[in-house]
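Asker: Pasting work.cif below, which is mmCIF, C-alpha atoms.
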```cif
data_input
loop_
_atom_site.group_PDB
_atom_site.id
_atom_site.type_symbol
_atom_site.label_atom_id
_atom_site.label_comp_id
_atom_site.auth_asym_id
_atom_site.auth_seq_id
_atom_site.Cartn_x
_atom_site.Cartn_y
_atom_site.Cartn_z
ATOM 1 C CA MET A 1 69.266 -7.479 45.681
ATOM 2 C CA PRO A 2 65.933 -8.058 47.467
ATOM 3 C CA ALA A 3 65.899 -8.378 51.227
ATOM 4 C CA LYS A 4 66.028 -11.940 52.528
ATOM 5 C CA ASN A 5 62.516 -11.591 53.896
ATOM 6 C CA ALA A 6 61.066 -9.700 50.907
ATOM 7 C CA ILE A 7 57.791 -10.856 49.412
ATOM 8 C CA THR A 8 56.133 -10.124 46.079
ATOM 9 C CA LYS A 9 53.478 -7.476 45.537
ATOM 10 C CA SER A 10 50.828 -10.150 45.007
ATOM 11 C CA SER A 11 51.816 -11.776 48.322
ATOM 12 C CA THR A 12 51.538 -8.355 49.966
ATOM 13 C CA ASP A 13 48.058 -7.984 48.447
ATOM 14 C CA PHE A 14 47.065 -11.368 49.908
ATOM 15 C CA LEU A 15 48.331 -10.288 53.343
ATOM 16 C CA ASN A 16 46.247 -7.119 53.012
ATOM 17 C CA VAL A 17 43.132 -9.278 52.598
ATOM 18 C CA MET A 18 44.120 -11.302 55.661
ATOM 19 C CA ARG A 19 44.614 -8.087 57.636
ATOM 20 C CA LEU A 20 41.061 -7.066 56.731
ATOM 21 C CA VAL A 21 39.812 -10.418 58.019
ATOM 22 C CA ASP A 22 41.961 -10.148 61.131
ATOM 23 C CA SER A 23 40.709 -6.620 61.810
ATOM 24 C CA ARG A 24 37.335 -8.209 62.615
ATOM 25 C CA ALA A 25 38.582 -11.365 64.294
ATOM 26 C CA SER A 26 41.711 -10.209 66.146
ATOM 27 C CA ARG A 27 42.866 -13.811 66.413
ATOM 28 C CA LEU A 28 45.830 -13.832 64.080
ATOM 29 C CA ARG A 29 47.234 -10.489 65.241
ATOM 30 C CA ILE A 30 49.107 -9.651 62.043
ATOM 31 C CA MET A 31 47.580 -6.188 61.762
ATOM 32 C CA HIS A 32 50.657 -4.229 62.769
ATOM 33 C CA LYS A 33 53.392 -6.664 61.852
ATOM 34 C CA PRO A 34 55.549 -5.929 58.810
ATOM 35 C CA LYS A 35 54.554 -7.862 55.709
ATOM 36 C CA SER A 36 57.031 -10.699 55.429
ATOM 37 C CA GLN A 37 57.524 -14.343 54.593
ATOM 38 C CA GLU A 38 56.994 -15.107 58.284
ATOM 39 C CA ASN A 39 53.557 -13.448 58.063
ATOM 40 C CA LEU A 40 52.661 -15.683 55.123
ATOM 41 C CA GLU A 41 53.777 -18.768 57.040
ATOM 42 C CA GLU A 42 51.846 -17.635 60.123
ATOM 43 C CA VAL A 43 48.682 -17.140 58.047
ATOM 44 C CA TYR A 44 49.078 -20.609 56.496
ATOM 45 C CA GLU A 45 49.552 -22.235 59.896
ATOM 46 C CA PHE A 46 46.602 -20.318 61.368
ATOM 47 C CA LEU A 47 44.221 -21.179 58.514
ATOM 48 C CA SER A 48 45.339 -24.832 58.576
ATOM 49 C CA ASN A 49 43.670 -25.156 61.975
ATOM 50 C CA ASP A 50 39.997 -26.098 61.544
ATOM 51 C CA ASP A 51 39.036 -24.604 64.922
ATOM 52 C CA ASN A 52 40.390 -21.212 63.876
ATOM 53 C CA VAL A 53 38.462 -21.299 60.596
ATOM 54 C CA ILE A 54 35.262 -22.396 62.344
ATOM 55 C CA HIS A 55 35.586 -19.460 64.750
ATOM 56 C CA LEU A 56 36.266 -17.022 61.914
ATOM 57 C CA SER A 57 33.308 -18.286 59.880
ATOM 58 C CA HIS A 58 30.920 -16.839 62.478
ATOM 59 C CA ILE A 59 32.067 -13.278 61.776
ATOM 60 C CA MET A 60 30.850 -10.873 59.090
ATOM 61 C CA TYR A 61 33.614 -9.332 56.986
ATOM 62 C CA PRO A 62 33.771 -5.988 55.198
ATOM 63 C CA ALA A 63 33.038 -5.749 51.485
ATOM 64 C CA ILE A 64 36.595 -4.573 50.871
ATOM 65 C CA ALA A 65 37.886 -8.041 51.873
ATOM 66 C CA TYR A 66 35.835 -9.592 49.049
ATOM 67 C CA LYS A 67 36.841 -6.849 46.606
ATOM 68 C CA GLU A 68 40.525 -7.282 47.394
ATOM 69 C CA LEU A 69 40.348 -11.079 47.239
ATOM 70 C CA LYS A 70 38.749 -10.864 43.789
ATOM 71 C CA ARG A 71 41.693 -8.708 42.716
ATOM 72 C CA VAL A 72 44.250 -11.143 44.204
ATOM 73 C CA MET A 73 42.496 -14.046 42.467
ATOM 74 C CA GLY A 74 42.537 -12.218 39.140
ATOM 75 C CA VAL A 75 39.073 -13.506 38.230
ATOM 76 C CA SER A 76 36.345 -11.966 36.102
ATOM 77 C CA ILE A 77 33.065 -10.814 37.611
ATOM 78 C CA LYS A 78 31.339 -13.883 36.145
ATOM 79 C CA GLU A 79 33.945 -16.207 37.672
ATOM 80 C CA TYR A 80 33.739 -14.415 41.027
ATOM 81 C CA GLU A 81 29.957 -14.849 41.070
ATOM 82 C CA ARG A 82 30.285 -18.550 40.253
ATOM 83 C CA ILE A 83 32.851 -19.157 42.996
ATOM 84 C CA PHE A 84 31.203 -17.065 45.715
ATOM 85 C CA ALA A 85 27.559 -17.752 44.774
ATOM 86 C CA HIS A 86 26.542 -14.118 45.136
ATOM 87 C CA THR A 87 26.422 -11.190 42.762
ATOM 88 C CA TRP A 88 29.401 -8.925 42.316
ATOM 89 C CA ARG A 89 27.009 -6.003 42.013
ATOM 90 C CA GLY A 90 25.878 -6.569 45.603
ATOM 91 C CA ILE A 91 29.493 -6.343 46.776
ATOM 92 C CA ALA A 92 30.521 -3.496 44.473
ATOM 93 C CA GLN A 93 27.637 -1.312 45.668
ATOM 94 C CA LYS A 94 28.612 -1.683 49.310
ATOM 95 C CA GLN A 95 30.887 0.809 51.012
ATOM 96 C CA ASP A 96 34.247 -0.796 51.746
ATOM 97 C CA ASN A 97 33.543 -1.123 55.485
ATOM 98 C CA ASP A 98 29.971 -2.401 55.087
ATOM 99 C CA ASN A 99 29.597 -5.970 56.271
ATOM 100 C CA VAL A 100 28.750 -8.784 53.887
ATOM 101 C CA ASP A 101 26.220 -11.318 55.160
ATOM 102 C CA ARG A 102 27.774 -13.929 57.421
ATOM 103 C CA SER A 103 26.507 -16.726 55.178
ATOM 104 C CA TYR A 104 29.381 -15.896 52.787
ATOM 105 C CA SER A 105 32.125 -15.930 55.438
ATOM 106 C CA GLU A 106 32.810 -19.651 55.173
ATOM 107 C CA ARG A 107 33.315 -19.386 51.402
ATOM 108 C CA LEU A 108 35.647 -16.408 51.877
ATOM 109 C CA LEU A 109 37.681 -18.348 54.422
ATOM 110 C CA SER A 110 37.784 -21.494 52.265
ATOM 111 C CA ILE A 111 39.282 -19.484 49.416
ATOM 112 C CA LEU A 112 41.716 -17.711 51.751
ATOM 113 C CA ARG A 113 42.759 -21.113 53.094
ATOM 114 C CA ILE A 114 43.459 -22.351 49.541
ATOM 115 C CA TYR A 115 45.466 -19.211 48.842
ATOM 116 C CA ALA A 116 47.494 -19.501 52.056
ATOM 117 C CA GLN A 117 48.326 -23.133 51.241
ATOM 118 C CA GLY A 118 48.977 -22.377 47.569
ATOM 119 C CA ILE A 119 51.329 -19.524 48.417
ATOM 120 C CA ALA A 120 53.201 -21.887 50.748
ATOM 121 C CA VAL A 121 53.518 -24.366 47.859
ATOM 122 C CA PHE A 122 54.200 -22.019 44.940
ATOM 123 C CA GLY A 123 55.654 -19.029 46.791
ATOM 124 C CA ASP A 124 53.413 -16.418 45.209
ATOM 125 C CA PRO A 125 49.704 -15.812 44.435
ATOM 126 C CA ASP A 126 50.463 -15.174 40.753
ATOM 127 C CA LYS A 127 52.038 -18.629 40.387
ATOM 128 C CA LEU A 128 49.121 -20.119 42.298
ATOM 129 C CA ASN A 129 46.657 -18.386 39.950
ATOM 130 C CA THR A 130 48.486 -19.907 36.982
ATOM 131 C CA TRP A 131 48.210 -23.370 38.541
ATOM 132 C CA LEU A 132 44.540 -22.848 39.457
ATOM 133 C CA SER A 133 43.798 -21.992 35.815
ATOM 134 C CA SER A 134 45.689 -24.977 34.381
ATOM 135 C CA TYR A 135 44.204 -28.394 33.723
ATOM 136 C CA SER A 136 44.980 -30.966 36.416
ATOM 137 C CA PRO A 137 44.792 -34.611 35.281
ATOM 138 C CA THR A 138 44.305 -35.695 38.899
ATOM 139 C CA LEU A 139 41.302 -33.398 39.324
ATOM 140 C CA ALA A 140 40.127 -33.875 35.714
ATOM 141 C CA THR A 141 39.576 -30.103 35.426
ATOM 142 C CA ASP A 142 41.358 -26.886 36.246
ATOM 143 C CA PRO A 143 41.390 -26.473 40.042
ATOM 144 C CA ARG A 144 39.610 -23.091 39.908
ATOM 145 C CA GLN A 145 36.475 -24.899 38.664
ATOM 146 C CA LEU A 146 36.246 -26.671 42.034
ATOM 147 C CA LEU A 147 36.425 -23.563 44.226
ATOM 148 C CA ASP A 148 32.664 -23.020 44.171
ATOM 149 C CA THR A 149 31.992 -25.736 46.770
ATOM 150 C CA ILE A 150 33.499 -26.576 50.141
ATOM 151 C CA LEU A 151 34.152 -30.172 48.992
ATOM 152 C CA GLY A 152 35.795 -28.855 45.822
ATOM 153 C CA CYS A 153 38.031 -26.605 47.913
ATOM 154 C CA GLY A 154 38.952 -29.714 49.895
ATOM 155 C CA LYS A 155 39.965 -31.549 46.716
ATOM 156 C CA VAL A 156 42.093 -28.574 45.645
ATOM 157 C CA ALA A 157 43.687 -28.453 49.107
ATOM 158 C CA ASP A 158 44.441 -32.187 48.918
ATOM 159 C CA GLU A 159 46.082 -31.707 45.519
ATOM 160 C CA LEU A 160 48.168 -28.813 46.869
ATOM 161 C CA GLY A 161 49.195 -31.064 49.761
ATOM 162 C CA ARG A 162 50.359 -33.744 47.342
ATOM 163 C CA ILE A 163 52.378 -31.172 45.393
ATOM 164 C CA GLU A 164 53.807 -29.763 48.626
ATOM 165 C CA HIS A 165 55.008 -33.228 49.649
ATOM 166 C CA GLY A 166 56.241 -34.198 46.194
ATOM 167 C CA ILE A 167 53.552 -36.811 45.601
ATOM 168 C CA LEU A 168 52.596 -36.582 41.956
ATOM 169 C CA ALA A 169 49.780 -38.627 40.475
#
```
Is it possible to give me this structure as structure tokens?
Answerer:
Amino acid sequence: MPAKNAITKSSTDFLNVMRLVDSRASRLRIMHKPKSQENLEEVYEFLSNDDNVIHLSHIMYPAIAYKELKRVMGVSIKEYERIFAHTWRGIAQKQDNDNVDRSYSERLLSILRIYAQGIAVFGDPDKLNTWLSSYSPTLATDPRQLLDTILGCGKVADELGRIEHGILA
């Protein structure tokens, strides 16, 4: 029987990405905490605060954060490049601790914010990935198609909020 506070491997992988982000920002302070449901809730609450995300968007993050997020998202190289608007080759050639240009930080954080909210709604990144890849009548596309813009991420977040509160279109 799993521990009451146990989380899935994919949720652990998501927390690993957040730890990489937090290693540069030191605002969330989850680096040395055990990976748990409380950590996931803390990340969601932290990323729900616009001021926190604005602060974090001014920091450069290591290439490994982008590499790990791609893995958590389960997307192809082509899809990654569409969503992040930069080449995968540029990331893949970097050493894990090399910084990625700050101009990509906001996109990274927007996607992390969607994942934190989606995990809160669906309980697991794998279930979120399934939803992101499925057609949404409300959005008139699959939600993943909207992740390439900040406004699109906002629409996906709004849809997750409706699901979270039981408001179905």
Asker: Using only C-alpha atoms, can you tell me which of A:Ala120, A:Val17, A:Leu132, A:Ile114 comes closest to Asp158 of chain A?
Answerer: A:Ile114
Asker: Which polymer residues have any atom within 8 Å of an atom of segment 71-86 of chain A, counting all atoms listed in the file, with same-chain residues fewer than 6 positions away left out, as number ranges by chain?
Answerer: A: 10, 13-14, 104, 107-108, 125, 129, 147-149
Asker: Using all atoms listed in the file, find all polymer residues with an atom at most 9 Å away from the point (28.4, -5.2, 57.2); report them as a VMD selection string.
Answerer: chain A and resid 60 to 63 94 to 95 97 to 102
Asker: Just C-alpha atoms for this one: save the residues we selected as a compact mmCIF listing (two decimals), keeping the file's coordinate frame.
Answerer:
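Output contents, as saved in again_0.txt:
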```
# COMPACT_ATOMS: atom_id res chain seq x y z
CA MET A 60 30.85 -10.87 59.09
CA TYR A 61 33.61 -9.33 56.99
CA PRO A 62 33.77 -5.99 55.20
CA ALA A 63 33.04 -5.75 51.48
CA LYS A 94 28.61 -1.68 49.31
CA GLN A 95 30.89 0.81 51.01
CA ASN A 97 33.54 -1.12 55.48
CA ASP A 98 29.97 -2.40 55.09
CA ASN A 99 29.60 -5.97 56.27
CA VAL A 100 28.75 -8.78 53.89
CA ASP A 101 26.22 -11.32 55.16
CA ARG A 102 27.77 -13.93 57.42
```
Asker: For the file shown, report as number ranges by chain the outcome of the PyMOL selection byres ((chain A and resi 131) around 12) at residue level.
Answerer: A: 73, 115, 118-119, 121-130, 132-136, 141-145, 156, 159-160, 163
Asker: What is the distance between atom CA of Ser48 of chain A and atom CA of Arg162 of chain A, in Å to one decimal?
Answerer: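 If I compute the distance from atom CA of Ser48 of chain A to atom CA of Arg162 of chain A, I get 15.2 Å.
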Asker: Looking at only C-alpha atoms, which of A:Lys70, A:His165, A:Lys9, A:Lys155 is the one that sits closest to Ser36 of chain A?
Answerer: A:Lys9
Asker: Using all atoms listed in the file, can you tell me which of A:Leu112, A:Leu40, A:Leu139, A:Ile7 comes closest to Val53 of chain A?
Answerer: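 Once distances to Val53 of chain A are computed over all atoms listed in the file, the minimum belongs to A:Leu112.
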Asker: Would you compute the distance between atom CA of Glu38 of chain A and atom CA of Asp22 of chain A? Give it in Å to one decimal.
Answerer: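 Separation between atom CA of Glu38 of chain A and atom CA of Asp22 of chain A: 16.1 Å.
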Asker: Tell me, in Å to one decimal, how far atom CA of Asp50 of chain A is from atom CA of Ala92 of chain A.
Answerer: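 About the pair atom CA of Asp50 of chain A and atom CA of Ala92 of chain A: they are 29.9 Å apart.
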Asker: So which one's closest to Leu47 of chain A, A:Arg89, A:Arg113, A:Arg24, A:Lys35? Using all atoms listed in the file, please.
Answerer: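 Using all atoms listed in the file, Leu47 of chain A sits closest to A:Arg113.
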Asker: My list of candidates is A:Ile91, A:Leu15, A:Ile59, A:Leu168. Which is closest to Thr138 of chain A when distances are computed with all atoms listed in the file?
Answerer: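 Ranked by minimum distance to Thr138 of chain A, first place goes to A:Leu168.
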Asker: With all atoms of segment 53-69 of chain A from the file as input, state the centre and edge lengths in Å to one decimal of the axis-aligned box that has 4 Å extra on each side, as JSON.
Answerer:
```
{"center_x": 35.7, "center_y": -13.5, "center_z": 55.7, "size_x": 17.7, "size_y": 25.8, "size_z": 26.1}
```
